[in-house]
Amino acid sequence: MESTTHDASVHLPRIAITFCTQCKWMLRAAYFGQELLSTFGTSIGEIALIPATGGLFTVHLTYNTTTEGPVETREVLLWDRKAEGGFPETKILKRLVRDHIQPEKDLGHSDRPSSKVAKATESSAPTSSPAPGANDALVATASAAESSSAIMGDNNSEPTKADAKECEDCT
């Protein structure tokens with residue numbers, strides 16, 4: 001019999017997203033992977049989706065440092081659902097990756113505060129008081145967005161027993 005060899009080289013930077021299959025988090029993991037690939041393109045060597053159990057949802061980054069001296073390979077835990085108390089926002093995850101692999105990269109709207117936040121900050125400035133009811137539209141918009149997020153399941157909350165069967169370790 002002829003033996004075969006397999007090249008098991010890893011392409012860096014590598015992002016490994018470990019997700020709980022019992023909690024049905026595969027689509028969430030794949031979504032984050034897609035978003036990172038869309039933003040960073042070929043600057044990312046590979047993205048790995050790693051199935052696990054026990055309520056795990058972690059994001060690790062392995063990359064080569066580009067500081068003076070010898071090149072070092074580092075692995076960094078970017079996000080841990082249990083430690084952080086939930087899932088990352090996409091823009092936060094993109095910033096965390098960017099800060100390690102391309103600090104000079106502009107992430108566009110993800111780097112700037114939301115226009116709603118900017119408007120709320122401007123309207124709460126002490127130099128002038130807003131007209132009565134001026135912030136009602138902003139509050140209504142925020143409430144509508146929260147309601148929409150709750151309906152669409154984008155609120156980063158944990159799945160409930162009614163939503164999905166959790167494994168006994170998924171807390």
# chains A, B, ... in the order shown; residues from 1 in each chain; ligands from 1
$ residues_around --residues "stretch 46-58 of chain A" --least-positions-apart "3" --cutoff "6 Å" --atoms "only C-alpha atoms" --output "list in words"
His11, Arg14, Ile15, Ala16, Ile17, Thr18, Phe19, Cys20, Thr21, Trp79, Asp80, Arg81, Asp169 and Cys170 of chain A
$ write_last_selection --atoms "N, CA and C atoms" --output "mmCIF file, in the first residue's frame"
data_model
loop_
_atom_site.group_PDB
_atom_site.id
_atom_site.type_symbol
_atom_site.label_atom_id
_atom_site.label_comp_id
_atom_site.auth_asym_id
_atom_site.auth_seq_id
_atom_site.Cartn_x
_atom_site.Cartn_y
_atom_site.Cartn_z
ATOM 1 N N HIS A 11 -3.149 28.486 7.651
ATOM 2 C CA HIS A 11 -2.993 29.789 7.016
ATOM 3 C C HIS A 11 -3.356 30.867 8.037
ATOM 4 N N ARG A 14 -5.717 33.113 11.514
ATOM 5 C CA ARG A 14 -6.779 32.098 11.566
ATOM 6 C C ARG A 14 -7.760 32.480 12.666
ATOM 7 N N ILE A 15 -9.014 32.463 12.328
ATOM 8 C CA ILE A 15 -10.067 32.735 13.301
ATOM 9 C C ILE A 15 -10.822 31.440 13.519
ATOM 10 N N ALA A 16 -10.895 30.999 14.760
ATOM 11 C CA ALA A 16 -11.599 29.769 15.114
ATOM 12 C C ALA A 16 -12.816 30.131 15.950
ATOM 13 N N ILE A 17 -13.983 29.796 15.440
ATOM 14 C CA ILE A 17 -15.238 30.064 16.150
ATOM 15 C C ILE A 17 -15.766 28.717 16.643
ATOM 16 N N THR A 18 -15.748 28.543 17.961
ATOM 17 C CA THR A 18 -16.246 27.315 18.579
ATOM 18 C C THR A 18 -17.669 27.590 19.041
ATOM 19 N N PHE A 19 -18.601 26.705 18.669
ATOM 20 C CA PHE A 19 -20.013 26.948 18.967
ATOM 21 C C PHE A 19 -20.672 25.672 19.471
ATOM 22 N N CYS A 20 -21.697 25.834 20.296
ATOM 23 C CA CYS A 20 -22.443 24.702 20.852
ATOM 24 C C CYS A 20 -23.494 24.242 19.836
ATOM 25 N N THR A 21 -23.383 22.966 19.457
ATOM 26 C CA THR A 21 -24.353 22.418 18.513
ATOM 27 C C THR A 21 -25.691 22.145 19.189
ATOM 28 N N TRP A 79 -13.360 36.535 22.135
ATOM 29 C CA TRP A 79 -14.686 36.581 22.742
ATOM 30 C C TRP A 79 -15.022 35.240 23.375
ATOM 31 N N ASP A 80 -15.619 35.290 24.548
ATOM 32 C CA ASP A 80 -16.134 34.107 25.229
ATOM 33 C C ASP A 80 -17.526 34.468 25.733
ATOM 34 N N ARG A 81 -18.527 33.797 25.209
ATOM 35 C CA ARG A 81 -19.915 34.116 25.547
ATOM 36 C C ARG A 81 -20.163 34.052 27.044
ATOM 37 N N ASP A 169 -25.496 21.650 30.151
ATOM 38 C CA ASP A 169 -24.385 22.535 30.492
ATOM 39 C C ASP A 169 -24.553 23.937 29.935
ATOM 40 N N CYS A 170 -25.567 24.160 29.125
ATOM 41 C CA CYS A 170 -25.748 25.456 28.454
ATOM 42 C C CYS A 170 -26.462 26.417 29.367
#
$ residues_around --residues "A:Gly108" --least-positions-apart "6" --cutoff "12 Å" --atoms "only C-alpha atoms" --output "list in words"
Thr39, Lys91, Lys94, Arg95 and Ser114 of chain A
$ closest_residue --among "A:Val59, A:Leu27, A:Ile101, A:Glu68" --to "A:Glu84" --atoms "only C-alpha atoms"
A:Val59
$ residues_around --residues "A:Glu72" --least-positions-apart "6" --cutoff "12 Å" --atoms "only C-alpha atoms" --output "NGL selection string"
:A and (12 or 62-66)
$ atom_distance --atom1 "atom CA of A:Val76" --atom2 "atom CA of A:Arg112"
24.9 Å
$ select_by_dssp --residues "stretch 53-92 of chain A" --states "strand (DSSP E)" --output "list in words"
Phe57, Thr58, Val59, His60, Leu61, Thr62, Tyr63, Asn64, Thr73, Arg74, Glu75, Val76, Leu77, Leu78, Trp79 and Asp80 of chain A
$ write_last_selection --atoms "N, CA and C atoms" --output "mmCIF file, in the first residue's frame"
data_model
loop_
_atom_site.group_PDB
_atom_site.id
_atom_site.type_symbol
_atom_site.label_atom_id
_atom_site.label_comp_id
_atom_site.auth_asym_id
_atom_site.auth_seq_id
_atom_site.Cartn_x
_atom_site.Cartn_y
_atom_site.Cartn_z
ATOM 1 N N PHE A 57 -19.356 29.270 23.129
ATOM 2 C CA PHE A 57 -19.295 30.135 21.958
ATOM 3 C C PHE A 57 -18.090 31.033 22.179
ATOM 4 N N THR A 58 -16.971 30.662 21.548
ATOM 5 C CA THR A 58 -15.745 31.427 21.700
ATOM 6 C C THR A 58 -15.188 31.758 20.325
ATOM 7 N N VAL A 59 -14.421 32.837 20.283
ATOM 8 C CA VAL A 59 -13.749 33.246 19.054
ATOM 9 C C VAL A 59 -12.275 33.445 19.398
ATOM 10 N N HIS A 60 -11.421 32.642 18.775
ATOM 11 C CA HIS A 60 -9.975 32.739 18.955
ATOM 12 C C HIS A 60 -9.330 33.247 17.662
ATOM 13 N N LEU A 61 -8.287 34.032 17.823
ATOM 14 C CA LEU A 61 -7.505 34.529 16.691
ATOM 15 C C LEU A 61 -6.074 34.065 16.859
ATOM 16 N N THR A 62 -5.539 33.415 15.851
ATOM 17 C CA THR A 62 -4.123 33.039 15.826
ATOM 18 C C THR A 62 -3.479 33.838 14.697
ATOM 19 N N TYR A 63 -2.408 34.559 15.024
ATOM 20 C CA TYR A 63 -1.784 35.431 14.034
ATOM 21 C C TYR A 63 -0.303 35.584 14.327
ATOM 22 N N ASN A 64 0.435 36.030 13.337
ATOM 23 C CA ASN A 64 1.849 36.339 13.502
ATOM 24 C C ASN A 64 1.989 37.796 13.890
ATOM 25 N N THR A 73 4.127 33.704 16.783
ATOM 26 C CA THR A 73 2.738 33.349 16.547
ATOM 27 C C THR A 73 2.010 33.433 17.881
ATOM 28 N N ARG A 74 0.895 34.141 17.881
ATOM 29 C CA ARG A 74 0.113 34.321 19.107
ATOM 30 C C ARG A 74 -1.313 33.850 18.884
ATOM 31 N N GLU A 75 -1.900 33.333 19.956
ATOM 32 C CA GLU A 75 -3.323 33.003 19.947
ATOM 33 C C GLU A 75 -3.988 33.856 21.014
ATOM 34 N N VAL A 76 -5.057 34.521 20.616
ATOM 35 C CA VAL A 76 -5.765 35.440 21.500
ATOM 36 C C VAL A 76 -7.231 35.035 21.557
ATOM 37 N N LEU A 77 -7.785 35.001 22.750
ATOM 38 C CA LEU A 77 -9.230 34.801 22.901
ATOM 39 C C LEU A 77 -9.886 36.155 22.695
ATOM 40 N N LEU A 78 -10.632 36.293 21.603
ATOM 41 C CA LEU A 78 -11.307 37.561 21.321
ATOM 42 C C LEU A 78 -12.644 37.662 22.038
ATOM 43 N N TRP A 79 -13.360 36.535 22.135
ATOM 44 C CA TRP A 79 -14.686 36.581 22.742
ATOM 45 C C TRP A 79 -15.022 35.240 23.375
ATOM 46 N N ASP A 80 -15.619 35.290 24.548
ATOM 47 C CA ASP A 80 -16.134 34.107 25.229
ATOM 48 C C ASP A 80 -17.526 34.468 25.733
#
$ atom_distance --atom1 "atom CA of A:Leu107" --atom2 "atom CA of A:Pro70"
29.1 Å
$ atom_distance --atom1 "atom CA of A:Tyr31" --atom2 "atom CA of A:Ile92"
14.1 Å
